[in-house]
Amino acid sequence: MFSLSDAHMITDSVLREQVEQHPRAQELLRAFLYPYPAPDHDFVFRGGEVIPMSDGDIGPLASGRTPVLAVGSNRAPLQLSRKFTHQNLSDEIPVTHGWMMHHDIVYSTHLTGYGSVPATLAPSPGTRARVSVTWLTPQQLAHMHVTESVPAHYSYQQLQGRDLDLDCGVRPDHVGIYQSVRGHVFERGAVYALSAIEARDRRFKSLEQWEMIEHFAKRAGHRHGPGFVLRVIDDVEFRRSVVDVC
């Protein structure tokens, strides 16, 4: 759950005040704060808690698990809790951090059912993007496929690990990734990076989440604000119509 104090992360003052005063503030914060705060150190997510991981821990913890890139919200404890806590499977998930060379974390050309513009991975020669890796059991991976709406919104792919440089020193041969089915290229070939994700030598224009939602609203001829986001959440056909325009 979000606190209203979390609204300070919305940098547009007018929008922030609208969210703070709205009766559906929790839903609006879920949309506007994607991809959500996350530790920038290796940790184990267990029972809803974040447990820092020491050097050398990942070896035994990762045994029998599949490394999967978390380029958006799946690196955040809040999202891991939403997806795995109270499910009939273990919610213990090691999460490691590092850099992905020659790639960037960018916005997909679709909207989620909770109102956000989600992330996907894009080639970007010379760029180094900060990424996370979740290490999932077979049961957790199957459940993650469901939460990522495979194959409707994302396809699950395997990438070679040569461009992945993890802080812990482990370099898997391959790493899984959820790639947007709709892609990441907007009108006139524009690609927009997530400003919330650290990157070096970034080539693409970076936008905050609220700015990206505003882009969708304007392209579809609608006024940006809480009303637009809530209609995206509540009305599937409206959401599809907005995505089709963009």
# chains A, B, ... in the order shown; residues from 1 in each chain; ligands from 1

$ residues_around --residues "stretch 105-114 of chain A" --least-positions-apart "2" --cutoff "8 Å" --atoms "only C-alpha atoms" --output "NGL selection string"
:A and (27 or 30-31 or 71-72 or 103 or 116-122 or 129 or 180 or 182-186 or 191-194 or 197 or 232-233 or 236 or 239 or 243 or 246)

$ write_last_selection --atoms "N, CA, C and O atoms" --output "CSV table (one decimal), in the first residue's frame"
chain,number,residue,atom,x,y,z
A,27,GLU,N,-5.2,4.1,-6.0
A,27,GLU,CA,-5.1,3.6,-7.4
A,27,GLU,C,-4.3,4.6,-8.3
A,27,GLU,O,-3.5,4.1,-9.2
A,30,ARG,N,-0.6,4.1,-7.6
A,30,ARG,CA,-0.1,2.9,-8.3
A,30,ARG,C,0.2,3.2,-9.7
A,30,ARG,O,1.2,2.7,-10.3
A,31,ALA,N,-0.6,4.0,-10.4
A,31,ALA,CA,-0.3,4.3,-11.8
A,31,ALA,C,0.8,5.3,-11.9
A,31,ALA,O,1.8,5.0,-12.7
A,71,VAL,N,13.1,-5.3,-15.5
A,71,VAL,CA,13.4,-3.9,-16.0
A,71,VAL,C,12.4,-2.9,-15.6
A,71,VAL,O,12.6,-1.7,-15.8
A,72,GLY,N,11.3,-3.3,-15.0
A,72,GLY,CA,10.3,-2.4,-14.5
A,72,GLY,C,10.0,-2.6,-13.1
A,72,GLY,O,10.8,-2.5,-12.2
A,103,HIS,N,21.9,-1.5,-24.0
A,103,HIS,CA,20.4,-1.5,-23.9
A,103,HIS,C,20.0,-0.4,-23.0
A,103,HIS,O,20.8,0.2,-22.2
A,116,SER,N,-0.7,2.4,-15.7
A,116,SER,CA,0.6,2.8,-16.0
A,116,SER,C,1.1,2.5,-17.4
A,116,SER,O,0.5,1.7,-18.1
A,117,VAL,N,2.1,3.2,-17.8
A,117,VAL,CA,2.8,2.8,-19.1
A,117,VAL,C,4.0,2.0,-18.6
A,117,VAL,O,4.9,2.5,-18.0
A,118,PRO,N,4.0,0.7,-19.0
A,118,PRO,CA,5.0,-0.2,-18.4
A,118,PRO,C,6.3,-0.1,-19.2
A,118,PRO,O,6.4,0.5,-20.2
A,119,ALA,N,7.3,-0.9,-18.7
A,119,ALA,CA,8.6,-0.9,-19.3
A,119,ALA,C,8.9,-2.1,-20.1
A,119,ALA,O,8.3,-3.1,-20.0
A,120,THR,N,9.9,-1.9,-21.0
A,120,THR,CA,10.4,-3.0,-21.8
A,120,THR,C,11.9,-2.7,-22.1
A,120,THR,O,12.4,-1.6,-21.8
A,121,LEU,N,12.6,-3.7,-22.6
A,121,LEU,CA,14.1,-3.5,-22.9
A,121,LEU,C,14.2,-3.2,-24.4
A,121,LEU,O,13.5,-3.7,-25.2
A,122,ALA,N,15.1,-2.2,-24.7
A,122,ALA,CA,15.4,-1.8,-26.1
A,122,ALA,C,16.9,-1.8,-26.3
A,122,ALA,O,17.6,-1.3,-25.5
A,129,ALA,N,22.4,0.4,-18.8
A,129,ALA,CA,21.2,0.6,-18.0
A,129,ALA,C,21.3,-0.2,-16.7
A,129,ALA,O,21.7,-1.4,-16.7
A,180,SER,N,7.8,-6.4,-24.5
A,180,SER,CA,6.4,-6.0,-24.9
A,180,SER,C,6.1,-6.5,-26.3
A,180,SER,O,6.9,-6.4,-27.2
A,182,ARG,N,3.7,-5.2,-28.1
A,182,ARG,CA,3.4,-4.1,-29.0
A,182,ARG,C,4.6,-3.3,-29.3
A,182,ARG,O,4.6,-2.4,-30.2
A,183,GLY,N,5.7,-3.5,-28.7
A,183,GLY,CA,7.0,-2.8,-29.0
A,183,GLY,C,7.1,-1.5,-28.2
A,183,GLY,O,6.4,-1.2,-27.2
A,184,HIS,N,8.1,-0.7,-28.6
A,184,HIS,CA,8.5,0.5,-27.8
A,184,HIS,C,8.7,1.7,-28.7
A,184,HIS,O,9.1,2.8,-28.2
A,185,VAL,N,8.3,1.6,-30.0
A,185,VAL,CA,8.5,2.8,-30.9
A,185,VAL,C,7.2,3.5,-31.1
A,185,VAL,O,6.2,2.9,-31.6
A,186,PHE,N,7.2,4.8,-30.8
A,186,PHE,CA,6.0,5.6,-30.9
A,186,PHE,C,6.1,6.3,-32.2
A,186,PHE,O,6.8,6.0,-33.1
A,191,VAL,N,11.4,7.0,-29.2
A,191,VAL,CA,11.5,6.0,-28.1
A,191,VAL,C,11.8,6.8,-26.8
A,191,VAL,O,12.6,7.8,-26.8
A,192,TYR,N,11.1,6.4,-25.7
A,192,TYR,CA,11.2,7.2,-24.5
A,192,TYR,C,11.7,6.3,-23.4
A,192,TYR,O,11.1,5.3,-23.1
A,193,ALA,N,12.7,6.7,-22.7
A,193,ALA,CA,13.3,6.0,-21.6
A,193,ALA,C,12.7,6.4,-20.3
A,193,ALA,O,12.1,7.5,-20.1
A,194,LEU,N,12.7,5.4,-19.3
A,194,LEU,CA,12.2,5.7,-18.0
A,194,LEU,C,13.2,6.5,-17.2
A,194,LEU,O,14.3,6.1,-16.9
A,197,ILE,N,14.8,5.0,-14.0
A,197,ILE,CA,15.8,4.0,-14.1
A,197,ILE,C,17.1,4.6,-14.5
A,197,ILE,O,17.2,5.3,-15.5
A,232,VAL,N,-9.0,4.9,-17.8
A,232,VAL,CA,-8.1,3.8,-18.4
A,232,VAL,C,-8.3,2.6,-17.5
A,232,VAL,O,-8.3,1.4,-18.0
A,233,ILE,N,-8.3,2.7,-16.2
A,233,ILE,CA,-8.4,1.6,-15.3
A,233,ILE,C,-9.8,0.9,-15.4
A,233,ILE,O,-9.9,-0.3,-15.4
A,236,VAL,N,-12.1,-0.9,-20.2
A,236,VAL,CA,-11.2,-1.7,-21.0
A,236,VAL,C,-11.2,-1.2,-22.5
A,236,VAL,O,-10.2,-1.0,-23.1
A,239,ARG,N,-9.4,2.1,-22.8
A,239,ARG,CA,-8.0,1.9,-22.7
A,239,ARG,C,-7.4,1.4,-24.1
A,239,ARG,O,-6.4,1.8,-24.6
A,243,VAL,N,-4.6,3.3,-26.6
A,243,VAL,CA,-3.4,2.6,-27.1
A,243,VAL,C,-3.4,2.5,-28.6
A,243,VAL,O,-2.3,2.7,-29.2
A,246,CYS,N,-2.0,5.6,-30.1
A,246,CYS,CA,-0.6,5.9,-29.9
A,246,CYS,C,0.3,4.8,-30.6
A,246,CYS,O,1.5,4.9,-30.5

$ residues_around --residues "A:Asp55" --least-positions-apart "2" --cutoff "7 Å" --atoms "only C-alpha atoms" --output "ChimeraX atom specification"
/A:53,57,168

$ atom_distance --atom1 "atom CA of A:His145" --atom2 "atom CA of A:Gly64"
17.9 Å

$ atom_distance --atom1 "atom CA of A:Val133" --atom2 "atom CA of A:His8"
27.8 Å

$ residues_around --residues "stretch 20-25 of chain A" --least-positions-apart "6" --cutoff "12 Å" --atoms "only C-alpha atoms" --output "JSON, numbers by chain"
{"A": [1, 2, 3, 4, 5, 6, 7, 8, 9, 10, 13, 14, 31, 32, 33, 225, 226, 227, 229, 230, 233]}

$ atom_distance --atom1 "atom CA of A:Arg219" --atom2 "atom CA of A:Val242"
8.0 Å

$ select_by_dssp --residues "stretch 2-129 of chain A" --states "strand (DSSP E)" --output "ChimeraX atom specification"
/A:43-46,49-52,66-70,93-107,119-129

$ closest_residue --among "A:Gln158, A:Lys83, A:Arg130, A:Asp40" --to "A:Pro172" --atoms "only C-alpha atoms"
A:Gln158

$ select_by_dssp --residues "stretch 114-211 of chain A" --states "helix (DSSP H, G or I)" --output "list in words"
Pro138, Gln139, Gln140, Leu141, Ala142, His143, Met144, His145, Val146, Thr147, Gly161, Arg162, Asp163, Glu187, Arg188, Gly189, Gln209, Trp210 and Glu211 of chain A

$ decode --residues "stretch 54-68 of chain A" --atoms "all heavy atoms" --output "tab-separated table (two decimals), in the first residue's frame"
chain	number	residue	atom	x	y	z
A	54	SER	N	24.52	-10.85	1.34
A	54	SER	CA	25.97	-10.68	1.47
A	54	SER	C	26.68	-11.29	0.27
A	54	SER	O	26.12	-12.11	-0.46
A	54	SER	CB	26.48	-11.35	2.76
A	54	SER	OG	25.83	-10.80	3.89
A	55	ASP	N	27.93	-10.87	0.06
A	55	ASP	CA	28.74	-11.44	-1.02
A	55	ASP	C	28.83	-12.96	-0.84
A	55	ASP	O	29.08	-13.46	0.26
A	55	ASP	CB	30.14	-10.85	-1.01
A	55	ASP	CG	30.16	-9.38	-1.40
A	55	ASP	OD1	29.15	-8.92	-1.97
A	55	ASP	OD2	31.17	-8.71	-1.13
A	56	GLY	N	28.62	-13.67	-1.92
A	56	GLY	CA	28.71	-15.13	-1.89
A	56	GLY	C	27.39	-15.82	-1.62
A	56	GLY	O	27.29	-17.04	-1.77
A	57	ASP	N	26.36	-15.06	-1.23
A	57	ASP	CA	25.07	-15.67	-0.91
A	57	ASP	C	24.34	-16.18	-2.14
A	57	ASP	O	23.56	-17.13	-2.06
A	57	ASP	CB	24.16	-14.66	-0.19
A	57	ASP	CG	24.56	-14.44	1.26
A	57	ASP	OD1	25.45	-15.18	1.75
A	57	ASP	OD2	23.99	-13.54	1.90
A	58	ILE	N	24.55	-15.52	-3.27
A	58	ILE	CA	23.71	-15.81	-4.43
A	58	ILE	C	23.91	-17.22	-4.96
A	58	ILE	O	22.97	-17.84	-5.48
A	58	ILE	CB	23.93	-14.78	-5.57
A	58	ILE	CG1	22.92	-14.97	-6.69
A	58	ILE	CG2	25.35	-14.85	-6.09
A	58	ILE	CD1	21.48	-14.85	-6.27
A	59	GLY	N	25.10	-17.79	-4.80
A	59	GLY	CA	25.36	-19.14	-5.31
A	59	GLY	C	24.35	-20.15	-4.81
A	59	GLY	O	23.57	-20.72	-5.59
A	60	PRO	N	24.30	-20.41	-3.51
A	60	PRO	CA	23.33	-21.39	-2.99
A	60	PRO	C	21.89	-20.93	-3.13
A	60	PRO	O	20.99	-21.75	-3.35
A	60	PRO	CB	23.73	-21.54	-1.52
A	60	PRO	CG	24.53	-20.33	-1.20
A	60	PRO	CD	25.23	-19.94	-2.46
A	61	LEU	N	21.64	-19.64	-3.04
A	61	LEU	CA	20.26	-19.14	-3.15
A	61	LEU	C	19.70	-19.31	-4.55
A	61	LEU	O	18.50	-19.53	-4.73
A	61	LEU	CB	20.20	-17.66	-2.76
A	61	LEU	CG	20.34	-17.34	-1.27
A	61	LEU	CD1	20.50	-15.84	-1.06
A	61	LEU	CD2	19.13	-17.86	-0.50
A	62	ALA	N	20.56	-19.22	-5.57
A	62	ALA	CA	20.11	-19.27	-6.96
A	62	ALA	C	20.02	-20.69	-7.50
A	62	ALA	O	19.51	-20.89	-8.62
A	62	ALA	CB	21.03	-18.45	-7.85
A	63	SER	N	20.46	-21.66	-6.74
A	63	SER	CA	20.47	-23.04	-7.23
A	63	SER	C	19.07	-23.50	-7.64
A	63	SER	O	18.10	-23.37	-6.87
A	63	SER	CB	21.01	-23.96	-6.14
A	63	SER	OG	21.00	-25.31	-6.56
A	64	GLY	N	18.93	-24.00	-8.87
A	64	GLY	CA	17.66	-24.49	-9.37
A	64	GLY	C	16.71	-23.41	-9.82
A	64	GLY	O	15.55	-23.69	-10.16
A	65	ARG	N	17.16	-22.17	-9.85
A	65	ARG	CA	16.30	-21.04	-10.23
A	65	ARG	C	16.71	-20.47	-11.59
A	65	ARG	O	17.86	-20.59	-12.00
A	65	ARG	CB	16.37	-19.94	-9.16
A	65	ARG	CG	15.77	-20.34	-7.82
A	65	ARG	CD	16.05	-19.28	-6.76
A	65	ARG	NE	15.41	-19.61	-5.47
A	65	ARG	CZ	14.24	-19.15	-5.08
A	65	ARG	NH1	13.56	-18.30	-5.86
A	65	ARG	NH2	13.73	-19.49	-3.91
A	66	THR	N	15.76	-19.80	-12.23
A	66	THR	CA	16.00	-19.16	-13.52
A	66	THR	C	16.19	-17.67	-13.32
A	66	THR	O	15.34	-17.01	-12.70
A	66	THR	CB	14.81	-19.39	-14.47
A	66	THR	OG1	14.63	-20.79	-14.69
A	66	THR	CG2	15.03	-18.69	-15.81
A	67	PRO	N	17.30	-17.09	-13.85
A	67	PRO	CA	17.48	-15.65	-13.75
A	67	PRO	C	16.59	-14.93	-14.77
A	67	PRO	O	16.59	-15.28	-15.95
A	67	PRO	CB	18.96	-15.45	-14.07
A	67	PRO	CG	19.33	-16.62	-14.93
A	67	PRO	CD	18.45	-17.76	-14.48
A	68	VAL	N	15.84	-13.94	-14.30
A	68	VAL	CA	14.91	-13.21	-15.17
A	68	VAL	C	15.12	-11.72	-14.95
A	68	VAL	O	15.03	-11.24	-13.81
A	68	VAL	CB	13.45	-13.58	-14.89
A	68	VAL	CG1	12.51	-12.83	-15.83
A	68	VAL	CG2	13.23	-15.09	-15.03
